[in-house]
file work-v4.tsv (TSV, C-alpha atoms and all ligand atoms)
chain	number	residue	atom	x	y	z
A	1	MET	CA	-24.74	-21.19	11.44
A	2	SER	CA	-25.38	-18.83	8.53
A	3	THR	CA	-22.36	-16.92	7.26
A	4	SER	CA	-24.24	-14.41	5.10
A	5	ASN	CA	-23.52	-10.80	6.00
A	6	LEU	CA	-26.02	-9.57	8.57
A	7	SER	CA	-25.57	-5.96	7.47
A	8	ASP	CA	-26.37	-6.60	3.79
A	9	TYR	CA	-29.82	-5.43	2.74
A	10	ASP	CA	-31.45	-3.40	0.04
A	11	PRO	CA	-31.88	0.10	1.52
A	12	ASP	CA	-34.66	0.84	-0.98
A	13	SER	CA	-36.73	-1.96	0.56
A	14	VAL	CA	-36.78	-0.22	3.96
A	15	PRO	CA	-39.69	2.16	4.67
A	16	ASP	CA	-39.15	5.61	6.14
A	17	ALA	CA	-38.90	5.45	9.93
A	18	GLY	CA	-39.25	9.20	10.47
A	19	LYS	CA	-42.53	8.99	12.37
A	20	MET	CA	-41.77	5.77	14.24
A	21	ARG	CA	-40.78	5.25	17.87
A	22	PHE	CA	-38.53	2.35	18.82
A	23	GLY	CA	-37.42	0.67	22.01
A	24	ILE	CA	-34.07	-1.09	22.22
A	25	VAL	CA	-33.59	-3.42	25.18
A	26	VAL	CA	-29.98	-4.50	25.49
A	27	SER	CA	-28.48	-7.16	27.73
A	28	ASP	CA	-25.25	-6.10	29.48
A	29	TRP	CA	-23.97	-9.69	29.70
A	30	ASN	CA	-21.18	-9.95	27.06
A	31	ARG	CA	-21.38	-6.17	26.68
A	32	GLU	CA	-18.35	-5.98	24.34
A	33	VAL	CA	-20.66	-7.73	21.88
A	34	THR	CA	-24.11	-6.44	22.86
A	35	TRP	CA	-23.14	-2.77	22.94
A	36	SER	CA	-21.92	-3.12	19.35
A	37	LEU	CA	-25.29	-4.65	18.47
A	38	MET	CA	-26.92	-1.64	20.16
A	39	ASP	CA	-24.75	0.86	18.27
A	40	GLY	CA	-25.50	-0.90	14.98
A	41	ALA	CA	-29.24	-1.00	15.61
A	42	ALA	CA	-29.45	2.66	16.63
A	43	ALA	CA	-27.35	3.79	13.66
A	44	THR	CA	-29.50	1.81	11.22
A	45	LEU	CA	-32.75	3.19	12.67
A	46	LYS	CA	-31.35	6.73	12.32
A	47	LYS	CA	-30.10	6.02	8.78
A	48	HIS	CA	-33.73	5.34	7.85
A	49	GLY	CA	-35.10	8.48	9.47
A	50	ALA	CA	-35.74	7.69	13.15
A	51	SER	CA	-34.86	10.57	15.46
A	52	ASP	CA	-32.81	10.29	18.66
A	53	LYS	CA	-35.80	11.22	20.79
A	54	ASN	CA	-37.74	8.29	19.32
A	55	ILE	CA	-35.10	5.67	20.11
A	56	ILE	CA	-35.45	4.63	23.74
A	57	ILE	CA	-32.61	2.43	25.00
A	58	LYS	CA	-32.91	0.41	28.21
A	59	HIS	CA	-30.38	-2.01	29.71
A	60	VAL	CA	-31.04	-5.33	31.46
A	61	PRO	CA	-28.48	-7.57	33.23
A	62	GLY	CA	-28.65	-10.64	30.96
A	63	SER	CA	-30.49	-12.05	27.98
A	64	PHE	CA	-32.90	-13.86	30.27
A	65	GLU	CA	-34.19	-10.44	31.40
A	66	LEU	CA	-34.81	-9.16	27.85
A	67	THR	CA	-38.39	-10.39	27.85
A	68	LEU	CA	-39.43	-8.50	30.96
A	69	GLY	CA	-37.47	-5.40	29.98
A	70	ALA	CA	-39.28	-5.38	26.65
A	71	GLN	CA	-42.62	-5.91	28.36
A	72	PHE	CA	-41.97	-2.91	30.65
A	73	LEU	CA	-41.37	-0.74	27.58
A	74	ALA	CA	-44.49	-2.04	25.84
A	75	GLU	CA	-46.58	-1.34	28.94
A	76	TYR	CA	-45.28	2.12	29.79
A	77	ASP	CA	-44.40	3.69	26.46
A	78	ASP	CA	-45.97	4.00	23.03
A	79	MET	CA	-43.71	1.98	20.78
A	80	ASP	CA	-43.92	1.02	17.10
A	81	ALA	CA	-41.49	-1.84	17.67
A	82	ILE	CA	-39.13	-3.12	20.34
A	83	ILE	CA	-35.73	-4.61	19.52
A	84	CYS	CA	-34.25	-7.12	21.98
A	85	LEU	CA	-30.46	-7.45	21.82
A	86	GLY	CA	-28.34	-10.02	23.62
A	87	CYS	CA	-25.54	-12.52	23.26
A	88	VAL	CA	-25.49	-16.02	24.72
A	89	ILE	CA	-22.22	-17.92	24.31
A	90	GLN	CA	-22.38	-21.66	24.73
A	91	GLY	CA	-19.23	-22.29	26.75
A	92	GLU	CA	-19.33	-25.22	29.15
A	93	THR	CA	-22.58	-24.51	30.90
A	94	PRO	CA	-26.13	-25.85	30.46
A	95	HIS	CA	-27.21	-22.27	31.21
A	96	PHE	CA	-26.87	-21.72	27.44
A	97	THR	CA	-29.82	-23.96	26.64
A	98	TYR	CA	-32.01	-22.63	29.44
A	99	ILE	CA	-31.33	-18.97	28.64
A	100	CYS	CA	-31.80	-19.45	24.90
A	101	GLN	CA	-35.07	-21.30	25.41
A	102	GLY	CA	-36.28	-18.75	27.96
A	103	VAL	CA	-35.61	-15.68	25.86
A	104	THR	CA	-36.84	-17.27	22.62
A	105	GLN	CA	-40.13	-18.36	24.16
A	106	GLY	CA	-40.43	-15.08	26.07
A	107	ILE	CA	-40.05	-12.88	23.01
A	108	THR	CA	-42.35	-15.14	20.98
A	109	GLN	CA	-44.99	-14.80	23.69
A	110	LEU	CA	-44.67	-10.99	23.71
A	111	ASN	CA	-45.25	-10.98	19.96
A	112	MET	CA	-48.48	-12.88	20.52
A	113	GLU	CA	-49.73	-10.82	23.47
A	114	TYR	CA	-49.03	-7.26	22.31
A	115	ASN	CA	-50.01	-5.75	19.02
A	116	ILE	CA	-46.51	-4.53	18.19
A	117	PRO	CA	-43.45	-6.38	16.89
A	118	PHE	CA	-40.71	-7.53	19.27
A	119	ILE	CA	-37.55	-8.29	17.32
A	120	PHE	CA	-35.23	-11.17	18.25
A	121	GLY	CA	-31.71	-9.74	18.05
A	122	VAL	CA	-29.98	-12.31	20.22
A	123	LEU	CA	-26.75	-13.92	19.07
A	124	THR	CA	-26.45	-17.56	20.18
A	125	THR	CA	-22.96	-18.76	19.40
A	126	ARG	CA	-20.48	-21.46	20.37
A	127	THR	CA	-17.57	-19.06	20.83
A	128	GLN	CA	-16.90	-15.43	21.63
A	129	GLN	CA	-15.15	-15.01	18.26
A	130	GLN	CA	-18.33	-16.06	16.44
A	131	ALA	CA	-20.20	-13.42	18.42
A	132	ILE	CA	-17.59	-10.74	17.63
A	133	ASP	CA	-17.80	-11.70	13.94
A	134	ARG	CA	-21.56	-10.99	14.01
A	135	SER	CA	-21.56	-7.76	16.01
A	136	GLY	CA	-19.74	-5.52	13.57
A	137	GLY	CA	-17.10	-8.03	12.42
A	138	ILE	CA	-16.63	-10.09	9.28
A	139	HIS	CA	-20.22	-11.32	9.19
A	140	GLY	CA	-21.75	-7.87	9.73
A	141	ASN	CA	-23.87	-6.75	12.65
A	142	LYS	CA	-27.02	-8.49	13.86
A	143	GLY	CA	-28.08	-5.13	15.31
A	144	ASP	CA	-28.41	-3.78	11.75
A	145	GLU	CA	-30.53	-6.76	10.76
A	146	ALA	CA	-32.75	-6.35	13.83
A	147	ALA	CA	-33.27	-2.63	13.11
A	148	VAL	CA	-34.26	-3.27	9.48
A	149	THR	CA	-36.69	-5.96	10.62
A	150	ALA	CA	-38.17	-3.60	13.23
A	151	ILE	CA	-38.81	-0.87	10.66
A	152	LYS	CA	-40.36	-3.30	8.18
A	153	MET	CA	-42.66	-4.86	10.76
A	154	ALA	CA	-43.67	-1.48	12.20
A	155	ALA	CA	-44.48	-0.29	8.67
A	156	LEU	CA	-46.52	-3.43	8.03
A	157	LEU	CA	-48.60	-2.75	11.13
A	158	ARG	CA	-49.14	0.90	10.19
A	159	ASP	CA	-50.16	-0.15	6.70
A	160	ILE	CA	-52.72	-2.66	7.99
A	161	GLU	CA	-54.06	-0.25	10.62
A	162	LYS	CA	-54.83	2.46	8.02
A	201	LIG	C1	-25.91	-16.69	33.89
A	201	LIG	C2	-25.62	-16.37	32.47
A	201	LIG	C3	-24.69	-17.14	31.73
A	201	LIG	C4	-23.97	-18.32	32.30
A	201	LIG	N1	-24.40	-16.84	30.45
A	201	LIG	C5	-25.03	-15.79	29.88
A	201	LIG	C6	-24.75	-15.46	28.51
A	201	LIG	O1	-23.92	-16.07	27.83
A	201	LIG	N2	-25.42	-14.42	27.97
A	201	LIG	C7	-26.37	-13.69	28.68
A	201	LIG	O2	-26.97	-12.77	28.11
A	201	LIG	N3	-26.62	-13.98	29.97
A	201	LIG	C8	-25.98	-14.98	30.57
A	201	LIG	N4	-26.25	-15.29	31.87
A	201	LIG	C9	-27.14	-14.36	32.64
A	201	LIG	C10	-28.65	-14.65	32.47
A	201	LIG	O3	-29.13	-14.15	31.23
A	201	LIG	C11	-29.44	-13.95	33.60
A	201	LIG	O4	-29.09	-12.59	33.64
A	201	LIG	C12	-29.16	-14.57	34.97
A	201	LIG	O5	-29.40	-15.97	34.92
A	201	LIG	C13	-30.07	-13.94	36.04
A	201	LIG	O6	-31.45	-14.16	35.74
call {"tool": "encode", "arguments": {"input": "work-v4.tsv", "output": "structure tokens"}}
result
Amino acid sequence: MSTSNLSDYDPDSVPDAGKMRFGIVVSDWNREVTWSLMDGAAATLKKHGASDKNIIIKHVPGSFELTLGAQFLAEYDDMDAIICLGCVIQGETPHFTYICQGVTQGITQLNMEYNIPFIFGVLTTRTQQQAIDRSGGIHGNKGDEAAVTAIKMAALLRDIEK
């Protein structure tokens, strides 16, 4: 697992998000982690110019539901990018593998089927501490990383569409 800081990036490399509209779909499973991802993502979008009214946050029960939640947003709203945030902790259960595979394939499929970016902001860790470390802890916040990626991909699309 990478230990680089997830919140480290060059702010000058991030386009202005002032005219962009974002969806954030957040899983409430492991909410002490995922709500920090959500706070980080929203703060980073705003730092680069996105307005509150253009950041639409929707909650789903678990990471497995992120794909459908994101699809609902893509179908019923006009989004520049949709950020999917979740946390799957390995623990003792084979659920880990199934959920990780499901959400990874689901989000990949959305990226292929819709002409907007869907960002994979799902922590997959062995322990809760590793998740805490990556949701505003010593390794930064994966929500920040997801937000920066969303802005860059949305800008890429706008640039190509011109
Ligand atoms: C069932 C389950 C388990 C065991 N672990 C997690 C987890 O670590 N992280 C997570 O986001 N969701 C978990 N879930 C819930 C599933 O994502 C899903 O909500 C249920 O299987 C219902 O479809």
call {"tool": "closest_atom_pairs", "arguments": {"input": "work-v4.tsv", "of": "region 45-70 of chain A", "to": "region 86-106 of chain A", "cutoff": "10 Å", "atoms": "all atoms listed in the file", "output": "Markdown table"}}
result
| residue | atom | partner | partner_atom | distance |
| --- | --- | --- | --- | --- |
| A:Val60 | CA | A:Gly86 | CA | 9.5 |
| A:Pro61 | CA | A:Gly86 | CA | 9.9 |
| A:Gly62 | CA | A:Gly86 | CA | 7.4 |
| A:Ser63 | CA | A:Gly86 | CA | 5.3 |
| A:Phe64 | CA | A:Val103 | CA | 5.5 |
| A:Glu65 | CA | A:Val103 | CA | 7.8 |
| A:Leu66 | CA | A:Val103 | CA | 6.9 |
| A:Thr67 | CA | A:Gly106 | CA | 5.4 |
| A:Leu68 | CA | A:Gly106 | CA | 8.3 |
| A:Ala70 | CA | A:Gly106 | CA | 9.8 |
call {"tool": "closest_residue", "arguments": {"input": "work-v4.tsv", "among": "A:Asn54, A:Asn141, A:Gln128, A:Asn30", "to": "ligand LIG 201 (chain A)", "atoms": "all atoms listed in the file"}}
result
A:Asn30
call {"tool": "residues_around", "arguments": {"input": "work-v4.tsv", "residues": "Cys84 (chain A)", "least_positions_apart": "3", "cutoff": "12 Å", "atoms": "only C-alpha atoms", "output": "VMD selection string"}}
result
chain A and resid 22 to 28 34 to 35 37 to 38 41 56 to 60 62 to 71 73 81 87 103 to 104 106 to 108 110 to 111 117 to 123 142 to 143 145 to 147 149 to 150
call {"tool": "atom_distance", "arguments": {"input": "work-v4.tsv", "atom1": "CA of Ile138 (chain A)", "atom2": "CA of Leu6 (chain A)"}}
result
9.4 Å
call {"tool": "closest_residue", "arguments": {"input": "work-v4.tsv", "among": "A:Lys53, A:Arg126, A:Lys152, A:Lys162", "to": "ligand LIG 201 (chain A)", "atoms": "all atoms listed in the file"}}
result
A:Arg126
call {"tool": "atom_distance", "arguments": {"input": "work-v4.tsv", "atom1": "CA of Gly18 (chain A)", "atom2": "CA of Ile116 (chain A)"}}
result
17.3 Å
call {"tool": "atom_distance", "arguments": {"input": "work-v4.tsv", "atom1": "CA of Val33 (chain A)", "atom2": "atom O5 of ligand LIG 201 (chain A)"}}
result
17.7 Å
call {"tool": "residues_around", "arguments": {"input": "work-v4.tsv", "residues": "Asn115 (chain A)", "least_positions_apart": "2", "cutoff": "12 Å", "atoms": "only C-alpha atoms", "output": "JSON, numbers by chain"}}
result
{"A": [71, 74, 75, 78, 79, 80, 81, 82, 109, 110, 111, 112, 113, 117, 118, 153, 154, 156, 157, 158, 160, 161]}
call {"tool": "closest_residue", "arguments": {"input": "work-v4.tsv", "among": "A:Asp8, A:Asp16, A:Asp144, A:Glu32", "to": "ligand LIG 201 (chain A)", "atoms": "only C-alpha atoms and all ligand atoms"}}
result
A:Glu32
call {"tool": "closest_residue", "arguments": {"input": "work-v4.tsv", "among": "A:Lys19, A:Leu85, A:Ser4, A:Ser36", "to": "Ala50 (chain A)", "atoms": "only C-alpha atoms"}}
result
A:Lys19
call {"tool": "axis_aligned_box", "arguments": {"input": "work-v4.tsv", "around": "ligand LIG 201 (chain A)", "padding_each_side": "8 Å", "output": "AutoDock Vina command-line options"}}
result
--center_x -27.7 --center_y -15.5 --center_z 31.9 --size_x 23.5 --size_y 21.7 --size_z 24.2
call {"tool": "residues_around", "arguments": {"input": "work-v4.tsv", "residues": "Gly140 (chain A)", "least_positions_apart": "5", "cutoff": "6 Å", "atoms": "all atoms listed in the file", "output": "number ranges by chain"}}
result
A: 5-7, 134
call {"tool": "closest_residue", "arguments": {"input": "work-v4.tsv", "among": "A:Ala42, A:Ile132, A:Asp52, A:Trp29", "to": "ligand LIG 201 (chain A)", "atoms": "all atoms listed in the file"}}
result
A:Trp29
call {"tool": "closest_residue", "arguments": {"input": "work-v4.tsv", "among": "A:Ser51, A:Thr44, A:Ser13, A:Thr124", "to": "ligand LIG 201 (chain A)", "atoms": "only C-alpha atoms and all ligand atoms"}}
result
A:Thr124
call {"tool": "decode", "arguments": {"input": "work-v4.tsv", "residues": "region 59-72 of chain A", "atoms": "N, CA and C atoms", "output": "CSV table (one decimal), in the first residue's frame"}}
result
chain,number,residue,atom,x,y,z
A,59,HIS,N,-26.1,10.1,-0.1
A,59,HIS,CA,-25.6,9.0,0.7
A,59,HIS,C,-26.1,7.6,0.2
A,60,VAL,N,-25.3,6.6,0.3
A,60,VAL,CA,-25.8,5.2,0.0
A,60,VAL,C,-25.4,4.3,1.2
A,61,PRO,N,-26.0,3.2,1.4
A,61,PRO,CA,-25.7,2.4,2.6
A,61,PRO,C,-24.3,1.9,2.7
A,62,GLY,N,-23.8,1.3,1.6
A,62,GLY,CA,-22.5,0.7,1.6
A,62,GLY,C,-21.8,0.9,0.3
A,63,SER,N,-20.5,0.5,0.3
A,63,SER,CA,-19.7,0.8,-1.0
A,63,SER,C,-20.3,0.0,-2.1
A,64,PHE,N,-20.9,-1.1,-1.9
A,64,PHE,CA,-21.5,-1.9,-3.0
A,64,PHE,C,-22.6,-1.0,-3.7
A,65,GLU,N,-23.2,-0.1,-3.0
A,65,GLU,CA,-24.3,0.7,-3.6
A,65,GLU,C,-23.8,1.9,-4.3
A,66,LEU,N,-22.5,2.2,-4.2
A,66,LEU,CA,-21.9,3.4,-4.8
A,66,LEU,C,-22.2,3.5,-6.3
A,67,THR,N,-22.1,2.3,-7.0
A,67,THR,CA,-22.3,2.3,-8.5
A,67,THR,C,-23.7,2.8,-8.8
A,68,LEU,N,-24.7,2.3,-8.2
A,68,LEU,CA,-26.0,2.6,-8.6
A,68,LEU,C,-26.3,4.1,-8.1
A,69,GLY,N,-25.8,4.4,-7.0
A,69,GLY,CA,-26.1,5.8,-6.5
A,69,GLY,C,-25.5,6.8,-7.5
A,70,ALA,N,-24.3,6.5,-8.0
A,70,ALA,CA,-23.6,7.4,-9.0
A,70,ALA,C,-24.4,7.4,-10.3
A,71,GLN,N,-24.9,6.2,-10.7
A,71,GLN,CA,-25.7,6.1,-11.9
A,71,GLN,C,-27.0,7.0,-11.8
A,72,PHE,N,-27.6,6.9,-10.7
A,72,PHE,CA,-28.8,7.8,-10.5
A,72,PHE,C,-28.5,9.2,-10.7
